[in-house]
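Asks: Hey, dropping protein_3.txt in here, compact mmCIF, C-alpha atoms and all ligand atoms:
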# COMPACT_ATOMS: atom_id res chain seq x y z
CA MET H 1 44.90 142.81 -7.20
CA ARG H 2 44.53 146.30 -5.80
CA LEU H 3 46.94 145.62 -2.90
CA GLU H 4 49.50 143.49 -4.69
CA GLY H 5 52.85 143.49 -2.85
CA LYS H 6 51.50 145.27 0.23
CA VAL H 7 51.85 144.09 3.83
CA ALA H 8 49.00 144.92 6.20
CA ILE H 9 48.15 144.54 9.89
CA VAL H 10 44.43 144.48 10.71
CA SER H 11 43.66 144.89 14.41
CA GLY H 12 40.34 143.34 15.34
CA GLY H 13 40.90 141.32 12.20
CA ALA H 14 39.18 138.19 13.50
CA SER H 15 35.57 139.43 13.47
CA GLY H 16 33.05 141.67 11.77
CA ILE H 17 34.46 144.61 9.81
CA GLY H 18 38.05 143.57 10.58
CA GLU H 19 37.43 140.02 9.38
CA ALA H 20 35.85 141.22 6.12
CA THR H 21 38.84 143.54 5.68
CA SER H 22 41.39 140.75 6.30
CA ARG H 23 39.68 138.53 3.73
CA LEU H 24 39.26 141.28 1.13
CA PHE H 25 42.87 142.44 1.55
CA ALA H 26 44.14 138.88 1.01
CA ASP H 27 41.88 138.52 -2.07
CA GLU H 28 43.43 141.72 -3.41
CA GLY H 29 46.98 140.42 -3.05
CA ALA H 30 48.08 141.76 0.35
CA ARG H 31 49.97 139.72 2.90
CA VAL H 32 47.84 140.13 6.01
CA VAL H 33 48.52 139.94 9.74
CA ILE H 34 45.22 139.25 11.50
CA ALA H 35 45.78 140.79 14.95
CA ASP H 36 43.21 140.13 17.65
CA VAL H 37 42.56 138.72 21.11
CA ASN H 38 40.23 136.01 19.76
CA ASP H 39 42.75 133.23 19.07
CA GLU H 40 40.16 130.72 17.85
CA LEU H 41 38.55 132.97 15.25
CA GLY H 42 41.90 134.44 14.23
CA ALA H 43 43.41 131.01 13.58
CA ALA H 44 40.31 129.91 11.64
CA ILE H 45 40.48 132.94 9.34
CA GLU H 46 44.21 132.43 8.84
CA SER H 47 43.49 128.84 7.71
CA ASP H 48 40.64 129.91 5.44
CA ILE H 49 42.77 132.53 3.71
CA THR H 50 45.84 130.32 3.30
CA ASN H 51 43.75 127.35 2.12
CA GLY H 52 42.27 129.66 -0.51
CA GLY H 53 45.74 130.55 -1.79
CA GLY H 54 46.13 133.87 0.06
CA GLU H 55 48.81 134.90 2.55
CA ALA H 56 47.81 135.58 6.15
CA VAL H 57 48.99 134.90 9.67
CA TYR H 58 47.24 135.32 12.99
CA GLN H 59 49.04 137.16 15.78
CA ARG H 60 47.68 137.68 19.28
CA LEU H 61 47.47 141.42 19.98
CA ASP H 62 45.71 143.21 22.79
CA VAL H 63 45.68 146.72 21.32
CA THR H 64 45.88 148.30 24.77
CA GLU H 65 49.33 146.77 25.40
CA GLU H 66 52.17 148.78 23.93
CA VAL H 67 54.68 145.91 24.23
CA ARG H 68 52.42 143.71 22.12
CA TRP H 69 52.18 146.37 19.41
CA GLU H 70 55.98 146.55 19.37
CA ALA H 71 56.21 142.77 19.10
CA VAL H 72 53.54 142.36 16.39
CA VAL H 73 55.04 145.11 14.22
CA ALA H 74 58.50 143.55 14.64
CA GLU H 75 57.18 140.06 13.81
CA THR H 76 55.34 141.41 10.76
CA VAL H 77 58.51 142.98 9.39
CA ALA H 78 60.58 139.88 10.22
CA ARG H 79 58.13 137.68 8.33
CA PHE H 80 57.04 139.85 5.41
CA GLY H 81 59.91 142.37 5.15
CA LYS H 82 58.00 145.66 5.62
CA LEU H 83 54.75 147.32 6.69
CA ASP H 84 52.57 149.29 4.27
CA VAL H 85 49.09 149.36 5.79
CA VAL H 86 47.61 149.31 9.31
CA VAL H 87 43.86 149.08 9.85
CA ASN H 88 42.84 149.83 13.44
CA SER H 89 39.46 148.07 13.64
CA ALA H 90 39.62 146.53 17.15
CA GLY H 91 36.89 148.08 19.22
CA ILE H 92 34.32 147.47 21.93
CA SER H 93 30.95 148.99 22.74
CA ALA H 94 29.99 150.10 26.25
CA PRO H 95 27.71 147.53 27.90
CA GLY H 96 24.21 148.97 28.22
CA ARG H 97 25.24 152.11 26.32
CA PRO H 98 24.62 154.30 29.41
CA PRO H 99 23.95 158.04 29.21
CA ALA H 100 26.55 160.32 30.85
CA GLU H 101 25.29 160.33 34.44
CA GLU H 102 25.04 156.52 34.48
CA GLN H 103 28.46 155.90 32.88
CA THR H 104 30.93 154.55 35.45
CA ALA H 105 34.46 155.92 35.43
CA ASN H 106 35.88 152.39 35.13
CA GLY H 107 33.61 151.65 32.19
CA TRP H 108 34.72 154.90 30.55
CA ASP H 109 38.39 153.93 31.00
CA ALA H 110 37.83 150.44 29.56
CA VAL H 111 36.20 151.77 26.37
CA MET H 112 38.75 154.54 25.93
CA ALA H 113 41.60 152.06 26.43
CA VAL H 114 40.59 149.85 23.50
CA ASN H 115 38.92 152.34 21.15
CA ALA H 116 41.14 155.40 21.60
CA LYS H 117 44.46 154.32 23.15
CA GLY H 118 44.48 151.16 21.03
CA VAL H 119 44.28 153.27 17.86
CA PHE H 120 46.94 155.71 19.09
CA LEU H 121 49.35 152.83 19.83
CA GLY H 122 48.70 151.29 16.42
CA VAL H 123 49.57 154.55 14.70
CA LYS H 124 52.57 155.21 16.94
CA HIS H 125 54.18 151.86 16.18
CA ALA H 126 53.32 151.81 12.47
CA ILE H 127 55.06 155.13 11.72
CA PRO H 128 58.72 154.07 12.12
CA GLU H 129 58.33 151.06 9.80
CA MET H 130 56.30 153.01 7.22
CA ARG H 131 58.97 155.71 7.25
CA LYS H 132 61.56 153.05 6.30
CA SER H 133 59.48 152.04 3.24
CA GLY H 134 58.93 155.67 2.22
CA GLY H 135 55.24 155.84 3.10
CA GLY H 136 52.13 153.94 4.05
CA SER H 137 48.43 154.11 4.77
CA ILE H 138 46.76 153.95 8.18
CA ILE H 139 43.00 153.52 8.40
CA ASN H 140 41.35 154.10 11.77
CA ILE H 141 37.83 152.82 12.28
CA SER H 142 35.76 155.47 14.02
CA SER H 143 31.94 155.53 13.70
CA ILE H 144 29.14 157.89 12.78
CA TYR H 145 29.02 158.12 16.59
CA GLY H 146 32.38 159.88 16.36
CA ASN H 147 30.61 162.62 14.36
CA VAL H 148 27.18 162.90 15.97
CA GLY H 149 25.58 162.18 19.34
CA SER H 150 22.83 159.75 20.30
CA LYS H 151 20.68 158.84 23.31
CA GLY H 152 22.65 155.68 24.03
CA GLY H 153 26.34 155.69 24.82
CA THR H 154 28.81 158.14 26.30
CA ALA H 155 32.32 156.69 26.39
CA TYR H 156 31.79 155.11 22.94
CA HIS H 157 31.00 158.50 21.38
CA ALA H 158 33.98 160.10 23.13
CA SER H 159 36.33 157.33 22.01
CA LYS H 160 35.21 157.52 18.39
CA GLY H 161 35.43 161.31 18.39
CA ALA H 162 38.99 160.94 19.67
CA VAL H 163 39.79 158.60 16.76
CA ARG H 164 38.38 161.12 14.28
CA THR H 165 40.46 164.11 15.40
CA PHE H 166 43.57 162.13 16.31
CA SER H 167 43.58 160.74 12.76
CA LYS H 168 43.60 164.27 11.33
CA ALA H 169 46.45 165.33 13.65
CA ALA H 170 48.55 162.29 12.67
CA ALA H 171 47.73 162.90 8.99
CA ILE H 172 49.19 166.40 9.22
CA GLN H 173 52.20 165.29 11.26
CA TYR H 174 53.32 162.61 8.78
CA ALA H 175 52.04 163.83 5.39
CA ASP H 176 55.50 165.01 4.35
CA GLU H 177 56.77 161.46 4.79
CA GLY H 178 54.10 159.97 2.52
CA ILE H 179 52.25 158.37 5.42
CA ARG H 180 48.50 158.84 5.03
CA VAL H 181 46.03 158.60 7.92
CA ASN H 182 42.28 158.53 7.41
CA SER H 183 39.25 157.60 9.48
CA VAL H 184 36.27 155.50 8.43
CA HIS H 185 32.83 156.11 9.94
CA PRO H 186 30.46 153.16 9.61
CA GLY H 187 26.76 153.54 10.27
CA PHE H 188 24.66 150.64 11.56
CA VAL H 189 26.32 147.39 10.48
CA ASP H 190 25.36 143.81 11.31
CA THR H 191 28.40 142.24 13.02
CA PRO H 192 28.94 140.14 16.16
CA MET H 193 29.29 143.44 18.08
CA THR H 194 25.78 144.60 17.17
CA LEU H 195 24.08 141.18 17.05
CA GLY H 196 22.45 141.51 20.49
CA LEU H 197 21.16 145.00 19.78
CA HIS H 198 20.12 144.44 16.17
CA SER H 199 18.23 141.25 17.01
CA GLN H 200 15.79 143.30 19.11
CA PRO H 201 13.03 144.06 16.58
CA GLY H 202 12.37 147.55 17.99
CA VAL H 203 16.00 148.59 17.70
CA ARG H 204 16.50 146.99 14.30
CA ASP H 205 13.40 148.66 12.83
CA GLU H 206 14.34 152.02 14.33
CA ARG H 207 17.90 151.86 12.94
CA VAL H 208 16.83 150.70 9.49
CA GLY H 209 14.11 153.39 9.56
CA LYS H 210 16.75 156.06 10.22
CA THR H 211 18.89 154.84 7.30
CA PRO H 212 17.80 156.38 3.97
CA LEU H 213 19.08 153.41 1.95
CA GLY H 214 16.68 151.28 4.00
CA ARG H 215 18.88 148.42 5.20
CA MET H 216 21.55 147.50 7.71
CA GLY H 217 25.14 147.65 6.50
CA VAL H 218 27.16 144.48 6.09
CA PRO H 219 30.88 144.26 6.95
CA GLU H 220 31.83 144.19 3.25
CA ASP H 221 30.22 147.62 2.73
CA ILE H 222 32.85 149.02 5.09
CA ALA H 223 35.72 146.79 3.95
CA TYR H 224 35.47 148.13 0.37
CA GLY H 225 35.94 151.69 1.68
CA ILE H 226 38.92 150.54 3.75
CA LEU H 227 40.35 148.82 0.67
CA TYR H 228 40.19 152.09 -1.28
CA LEU H 229 42.03 153.96 1.49
CA ALA H 230 44.67 151.20 1.76
CA SER H 231 45.35 151.14 -1.98
CA ASP H 232 47.37 153.61 -4.04
CA GLU H 233 44.09 154.72 -5.67
CA SER H 234 43.71 157.04 -2.66
CA SER H 235 47.25 158.44 -2.83
CA PHE H 236 45.93 162.06 -2.60
CA VAL H 237 43.65 161.30 0.36
CA THR H 238 44.78 162.00 3.92
CA GLY H 239 43.13 163.45 7.03
CA SER H 240 39.74 162.67 5.55
CA GLU H 241 36.75 160.92 7.08
CA LEU H 242 34.95 158.37 4.95
CA VAL H 243 31.34 158.03 6.09
CA ILE H 244 29.70 154.74 5.05
CA ASP H 245 26.26 154.84 6.63
CA GLY H 246 23.54 154.44 4.03
CA GLY H 247 22.87 158.18 4.26
CA MET H 248 22.06 158.17 7.98
CA THR H 249 24.05 161.30 8.90
CA ALA H 250 23.31 163.20 5.68
CA GLN H 251 19.86 164.19 6.97
N1 LIG H 301 29.08 147.23 13.76
C1 LIG H 301 28.77 148.52 13.70
O1 LIG H 301 27.58 148.88 13.54
C2 LIG H 301 29.84 149.57 13.83
C3 LIG H 301 29.49 150.89 13.57
C4 LIG H 301 30.45 151.88 13.66
C5 LIG H 301 31.73 151.56 14.01
N2 LIG H 301 32.06 150.26 14.29
C6 LIG H 301 33.45 149.99 14.68
O2 LIG H 301 34.01 149.05 13.80
C7 LIG H 301 35.05 148.33 14.47
C8 LIG H 301 34.80 146.84 14.30
O3 LIG H 301 33.60 146.51 14.96
P1 LIG H 301 32.71 145.25 14.56
O4 LIG H 301 31.32 145.73 14.51
O5 LIG H 301 33.32 144.57 13.41
O6 LIG H 301 32.83 144.40 15.92
P2 LIG H 301 33.31 142.92 16.23
O7 LIG H 301 33.02 142.73 17.69
O8 LIG H 301 32.74 141.95 15.25
O9 LIG H 301 34.90 142.98 16.00
C9 LIG H 301 35.74 143.62 16.90
C10 LIG H 301 37.01 142.80 17.03
O10 LIG H 301 37.89 143.51 17.91
C11 LIG H 301 38.50 142.57 18.75
N3 LIG H 301 38.97 143.21 19.97
C12 LIG H 301 38.23 143.67 21.01
N4 LIG H 301 39.04 144.16 21.97
C13 LIG H 301 40.32 143.99 21.52
C14 LIG H 301 41.59 144.29 22.05
N5 LIG H 301 41.74 144.85 23.27
N6 LIG H 301 42.68 144.00 21.32
C15 LIG H 301 42.55 143.43 20.10
N7 LIG H 301 41.38 143.11 19.53
C16 LIG H 301 40.27 143.39 20.26
C17 LIG H 301 37.44 141.51 19.01
O11 LIG H 301 38.02 140.29 19.47
C18 LIG H 301 36.80 141.40 17.64
O12 LIG H 301 37.44 140.42 16.87
C19 LIG H 301 35.01 148.77 15.93
O13 LIG H 301 36.01 149.74 16.15
C20 LIG H 301 33.62 149.37 16.06
O14 LIG H 301 33.54 150.32 17.09
C21 LIG H 301 31.15 149.25 14.20
Translate the structure described by the file into structure tokens.
Ligand SMILES: NC(=O)c1ccc[n+]([C@@H]2O[C@H](COP(=O)([O-])OP(=O)(O)OC[C@H]3O[C@@H](n4cnc5c(N)ncnc54)[C@H](O)[C@@H]3O)[C@@H](O)[C@H]2O)c1
Replies:
Amino acid sequence: MRLEGKVAIVSGGASGIGEATSRLFADEGARVVIADVNDELGAAIESDITNGGGEAVYQRLDVTEEVRWEAVVAETVARFGKLDVVVNSAGISAPGRPPAEEQTANGWDAVMAVNAKGVFLGVKHAIPEMRKSGGGSIINISSIYGNVGSKGGTAYHASKGAVRTFSKAAAIQYADEGIRVNSVHPGFVDTPMTLGLHSQPGVRDERVGKTPLGRMGVPEDIAYGILYLASDESSFVTGSELVIDGGMTAQ
């Protein structure tokens, strides 16, 4: 029960890395708000967790809408009394992963809105409630593509780089209030987001080939790192970037 007594919001909590995090957090004793735009999946995970004896509730949240962040934080506190942990996992990839000259401005804005602004708003609205409880932990899901470049993708890299540095700035700004902010950088992970790409044998083989540990990641590989950062075991960790990529960016 590494999160016993803690209250957490997981954006993007209805699928992939966010789903694995919601389930693991509930298993570890947290009360979890699954916040997503996928009502069907969110409700199903809420049922699964509560039927298994855990505590979770689904809330509709489009992370790009500031008023919804305000409402979901307020509803979380009304229901569970406080807010200790926010995981910003909601994210989208850019269709076709275009290189810079082929990236449309509208496509750029759409990716930045969810992946960068959505994380900023999550941090912004977590801070006041965490301050009231004397501290908290915010975990922002970036990517190895927030640290290094690649042939495919432009806005995605920019958005994940923004998450990386923004997390460090927020970590410095709120450290003296006991609010920790860290980023997590997954490598290639099999989730609904990557299903289309990873089911192409050429891409799959290339990505596994680039990964020294020789396999794709699974959502739980990332969720265990997020769990560590959410728990008090990481109480001396802030402004750091946890890379979980099977060794991909170590070479
Ligand atoms: N899968 C990978 O290989 C990989 C690698 C590095 C980083 N990441 C990052 O991990 C995070 C989770 O990705 P995943 O692979 O689990 O993908 P996923 O598609 O399985 O999950 C993303 C979730 O975010 C939700 N979402 C999308 N737009 C939203 C919005 N505007 N408001 C609220 N929720 C929204 C979706 O409904 C979905 O439930 C993302 O930030 C992604 O960029 C994934």
Asks: Hey, which residues sit close to ligand LIG 301 (chain H)? Say within 8 Å, counting only C-alpha atoms and all ligand atoms, and write them as a VMD selection string.
Replies: chain H and resid 11 to 19 35 to 38 41 to 42 60 to 64 88 to 93 113 to 115 118 141 to 145 156 160 185 to 194 217 219
Asks: Can those selected residues be exported to a file as a PDB file, in the frame of the given file so that it contains C-alpha atoms?
Replies:
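Ended up saving to out19.pdb:
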ATOM      1  CA  SER H  11      43.660 144.890  14.410  1.00  0.00           C
ATOM      2  CA  GLY H  12      40.340 143.340  15.340  1.00  0.00           C
ATOM      3  CA  GLY H  13      40.900 141.320  12.200  1.00  0.00           C
ATOM      4  CA  ALA H  14      39.180 138.190  13.500  1.00  0.00           C
ATOM      5  CA  SER H  15      35.570 139.430  13.470  1.00  0.00           C
ATOM      6  CA  GLY H  16      33.050 141.670  11.770  1.00  0.00           C
ATOM      7  CA  ILE H  17      34.460 144.610   9.810  1.00  0.00           C
ATOM      8  CA  GLY H  18      38.050 143.570  10.580  1.00  0.00           C
ATOM      9  CA  GLU H  19      37.430 140.020   9.380  1.00  0.00           C
ATOM     10  CA  ALA H  35      45.780 140.790  14.950  1.00  0.00           C
ATOM     11  CA  ASP H  36      43.210 140.130  17.650  1.00  0.00           C
ATOM     12  CA  VAL H  37      42.560 138.720  21.110  1.00  0.00           C
ATOM     13  CA  ASN H  38      40.230 136.010  19.760  1.00  0.00           C
ATOM     14  CA  LEU H  41      38.550 132.970  15.250  1.00  0.00           C
ATOM     15  CA  GLY H  42      41.900 134.440  14.230  1.00  0.00           C
ATOM     16  CA  ARG H  60      47.680 137.680  19.280  1.00  0.00           C
ATOM     17  CA  LEU H  61      47.470 141.420  19.980  1.00  0.00           C
ATOM     18  CA  ASP H  62      45.710 143.210  22.790  1.00  0.00           C
ATOM     19  CA  VAL H  63      45.680 146.720  21.320  1.00  0.00           C
ATOM     20  CA  THR H  64      45.880 148.300  24.770  1.00  0.00           C
ATOM     21  CA  ASN H  88      42.840 149.830  13.440  1.00  0.00           C
ATOM     22  CA  SER H  89      39.460 148.070  13.640  1.00  0.00           C
ATOM     23  CA  ALA H  90      39.620 146.530  17.150  1.00  0.00           C
ATOM     24  CA  GLY H  91      36.890 148.080  19.220  1.00  0.00           C
ATOM     25  CA  ILE H  92      34.320 147.470  21.930  1.00  0.00           C
ATOM     26  CA  SER H  93      30.950 148.990  22.740  1.00  0.00           C
ATOM     27  CA  ALA H 113      41.600 152.060  26.430  1.00  0.00           C
ATOM     28  CA  VAL H 114      40.590 149.850  23.500  1.00  0.00           C
ATOM     29  CA  ASN H 115      38.920 152.340  21.150  1.00  0.00           C
ATOM     30  CA  GLY H 118      44.480 151.160  21.030  1.00  0.00           C
ATOM     31  CA  ILE H 141      37.830 152.820  12.280  1.00  0.00           C
ATOM     32  CA  SER H 142      35.760 155.470  14.020  1.00  0.00           C
ATOM     33  CA  SER H 143      31.940 155.530  13.700  1.00  0.00           C
ATOM     34  CA  ILE H 144      29.140 157.890  12.780  1.00  0.00           C
ATOM     35  CA  TYR H 145      29.020 158.120  16.590  1.00  0.00           C
ATOM     36  CA  TYR H 156      31.790 155.110  22.940  1.00  0.00           C
ATOM     37  CA  LYS H 160      35.210 157.520  18.390  1.00  0.00           C
ATOM     38  CA  HIS H 185      32.830 156.110   9.940  1.00  0.00           C
ATOM     39  CA  PRO H 186      30.460 153.160   9.610  1.00  0.00           C
ATOM     40  CA  GLY H 187      26.760 153.540  10.270  1.00  0.00           C
ATOM     41  CA  PHE H 188      24.660 150.640  11.560  1.00  0.00           C
ATOM     42  CA  VAL H 189      26.320 147.390  10.480  1.00  0.00           C
ATOM     43  CA  ASP H 190      25.360 143.810  11.310  1.00  0.00           C
ATOM     44  CA  THR H 191      28.400 142.240  13.020  1.00  0.00           C
ATOM     45  CA  PRO H 192      28.940 140.140  16.160  1.00  0.00           C
ATOM     46  CA  MET H 193      29.290 143.440  18.080  1.00  0.00           C
ATOM     47  CA  THR H 194      25.780 144.600  17.170  1.00  0.00           C
ATOM     48  CA  GLY H 217      25.140 147.650   6.500  1.00  0.00           C
ATOM     49  CA  PRO H 219      30.880 144.260   6.950  1.00  0.00           C
TER      50      PRO H 219
END
Asks: List the spatial neighbours of H:Glu101 as a VMD selection string - criterion: any atom at most 12 Å away, only C-alpha atoms, same-chain residues fewer than 6 positions off excluded.
Replies: chain H and resid 108 152 to 155
Asks: Can you tell me how far atom CA of H:Val184 sits from atom CA of H:Ile9, in Å to one decimal?
Replies: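 Computing the Euclidean distance for atom CA of H:Val184 and atom CA of H:Ile9 yields 16.2 Å.
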Asks: Given the choices H:Lys117, H:Glu206, H:Gly81, H:Lys6, which gets closest to H:Gly136 if the distance is worked out from all atoms listed in the file?
Replies: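 For H:Gly136, the nearest of the candidates is H:Lys6.
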Asks: Nearest residue to H:Ile222 out of H:Thr76, H:Gln251, H:Thr21, H:Ser167, using all atoms listed in the file?
Replies: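 The shortest atom-to-atom distance to H:Ile222 comes from H:Thr21.
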Asks: Find the distance between atom CA of H:Met130 and atom CA of H:Asp84 and write it in Å to one decimal.
Replies: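 Separating atom CA of H:Met130 from atom CA of H:Asp84 is a distance of 6.0 Å.
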Asks: Find the residues with any atom within 8 Å of (43.2, 131.2, 5.8); use all atoms listed in the file and the coordinates as given in the file, and write the answer as a ChimeraX atom specification.
Replies: /H:43-52,54-57
Asks: Rounded to one decimal in Å, what is the spacing between atom CA of H:Ile172 and atom CA of H:Leu83?
Replies: 20.0 Å
Asks: Can you tell me, as a list in words, which residues sit within 8 Å of (21.2, 159.1, 4.6) in the file's frame, using all atoms listed in the file?
Replies: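 Here the neighbourhood of the point contains Lys210, Thr211, Pro212, Leu213, Asp245, Gly246, Gly247, Met248, Thr249, Ala250 and Gln251 of chain H.
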Asks: Using only C-alpha atoms, can you tell me which of H:Ile138, H:Phe80, H:Val67, H:Ala110 comes closest to H:Leu227?
Replies: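 Closest to H:Leu227, using only C-alpha atoms: H:Ile138.
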Asks: As AutoDock Vina command-line options, what would the box around stretch 129-146 of chain H look like: edges along x, y and z, 4 Å added on every side, centre and edge lengths in Å to one decimal?
Replies:
--center_x 45.3 --center_y 155.5 --center_z 9.4 --size_x 40.5 --size_y 16.8 --size_z 22.4
Asks: Out of H:Asp221, H:Glu241, H:Asp205, H:Asp109, which residue has the shortest atom-to-atom distance to H:Asn140 when counting all atoms listed in the file?
Replies: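 The shortest atom-to-atom distance to H:Asn140 comes from H:Glu241.
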Asks: Kindly reconstruct stretch 211-236 of chain H with N, CA and C atoms and present the result as an mmCIF file, in the coordinates of the input.
Replies:
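In the end it all went to rebuild.cif:
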data_model
loop_
_atom_site.group_PDB
_atom_site.id
_atom_site.type_symbol
_atom_site.label_atom_id
_atom_site.label_comp_id
_atom_site.auth_asym_id
_atom_site.auth_seq_id
_atom_site.Cartn_x
_atom_site.Cartn_y
_atom_site.Cartn_z
ATOM 1 N N THR H 211 17.857 154.973 8.347
ATOM 2 C CA THR H 211 18.890 154.840 7.300
ATOM 3 C C THR H 211 18.238 155.005 5.934
ATOM 4 N N PRO H 212 18.501 156.120 5.236
ATOM 5 C CA PRO H 212 17.800 156.380 3.970
ATOM 6 C C PRO H 212 17.893 155.240 2.965
ATOM 7 N N LEU H 213 19.000 154.511 2.912
ATOM 8 C CA LEU H 213 19.080 153.410 1.950
ATOM 9 C C LEU H 213 18.282 152.180 2.406
ATOM 10 N N GLY H 214 17.698 152.238 3.610
ATOM 11 C CA GLY H 214 16.680 151.280 4.000
ATOM 12 C C GLY H 214 17.155 149.878 4.339
ATOM 13 N N ARG H 215 18.404 149.736 4.750
ATOM 14 C CA ARG H 215 18.880 148.420 5.200
ATOM 15 C C ARG H 215 20.028 148.620 6.184
ATOM 16 N N MET H 216 20.336 147.528 6.891
ATOM 17 C CA MET H 216 21.550 147.500 7.710
ATOM 18 C C MET H 216 22.757 147.372 6.784
ATOM 19 N N GLY H 217 23.894 147.899 7.228
ATOM 20 C CA GLY H 217 25.140 147.650 6.500
ATOM 21 C C GLY H 217 25.626 146.243 6.772
ATOM 22 N N VAL H 218 26.456 145.747 5.873
ATOM 23 C CA VAL H 218 27.160 144.480 6.090
ATOM 24 C C VAL H 218 28.662 144.800 6.140
ATOM 25 N N PRO H 219 29.455 143.944 6.793
ATOM 26 C CA PRO H 219 30.880 144.260 6.950
ATOM 27 C C PRO H 219 31.586 144.593 5.628
ATOM 28 N N GLU H 220 31.175 143.945 4.544
ATOM 29 C CA GLU H 220 31.830 144.190 3.250
ATOM 30 C C GLU H 220 31.590 145.619 2.770
ATOM 31 N N ASP H 221 30.461 146.224 3.122
ATOM 32 C CA ASP H 221 30.220 147.620 2.730
ATOM 33 C C ASP H 221 31.342 148.516 3.260
ATOM 34 N N ILE H 222 31.802 148.203 4.458
ATOM 35 C CA ILE H 222 32.850 149.020 5.090
ATOM 36 C C ILE H 222 34.220 148.595 4.555
ATOM 37 N N ALA H 223 34.408 147.296 4.386
ATOM 38 C CA ALA H 223 35.720 146.790 3.950
ATOM 39 C C ALA H 223 36.109 147.360 2.584
ATOM 40 N N TYR H 224 35.128 147.559 1.695
ATOM 41 C CA TYR H 224 35.470 148.130 0.370
ATOM 42 C C TYR H 224 35.970 149.571 0.490
ATOM 43 N N GLY H 225 35.421 150.326 1.446
ATOM 44 C CA GLY H 225 35.940 151.690 1.680
ATOM 45 C C GLY H 225 37.349 151.644 2.250
ATOM 46 N N ILE H 226 37.584 150.701 3.154
ATOM 47 C CA ILE H 226 38.920 150.540 3.750
ATOM 48 C C ILE H 226 39.920 150.135 2.664
ATOM 49 N N LEU H 227 39.479 149.257 1.775
ATOM 50 C CA LEU H 227 40.350 148.820 0.670
ATOM 51 C C LEU H 227 40.795 150.017 -0.175
ATOM 52 N N TYR H 228 39.858 150.888 -0.496
ATOM 53 C CA TYR H 228 40.190 152.090 -1.280
ATOM 54 C C TYR H 228 41.270 152.917 -0.566
ATOM 55 N N LEU H 229 41.077 153.125 0.738
ATOM 56 C CA LEU H 229 42.030 153.960 1.490
ATOM 57 C C LEU H 229 43.392 153.268 1.638
ATOM 58 N N ALA H 230 43.400 151.948 1.640
ATOM 59 C CA ALA H 230 44.670 151.200 1.760
ATOM 60 C C ALA H 230 45.436 151.198 0.444
ATOM 61 N N SER H 231 44.711 151.290 -0.663
ATOM 62 C CA SER H 231 45.350 151.140 -1.980
ATOM 63 C C SER H 231 45.949 152.466 -2.446
ATOM 64 N N ASP H 232 46.752 152.390 -3.487
ATOM 65 C CA ASP H 232 47.370 153.610 -4.040
ATOM 66 C C ASP H 232 46.353 154.459 -4.808
ATOM 67 N N GLU H 233 45.149 153.924 -5.018
ATOM 68 C CA GLU H 233 44.090 154.720 -5.670
ATOM 69 C C GLU H 233 43.767 155.967 -4.855
ATOM 70 N N SER H 234 44.035 155.907 -3.549
ATOM 71 C CA SER H 234 43.710 157.040 -2.660
ATOM 72 C C SER H 234 44.965 157.830 -2.296
ATOM 73 N N SER H 235 45.951 157.856 -3.201
ATOM 74 C CA SER H 235 47.250 158.440 -2.830
ATOM 75 C C SER H 235 47.186 159.953 -2.539
ATOM 76 N N PHE H 236 46.070 160.631 -2.902
ATOM 77 C CA PHE H 236 45.930 162.060 -2.600
ATOM 78 C C PHE H 236 44.970 162.298 -1.421
#
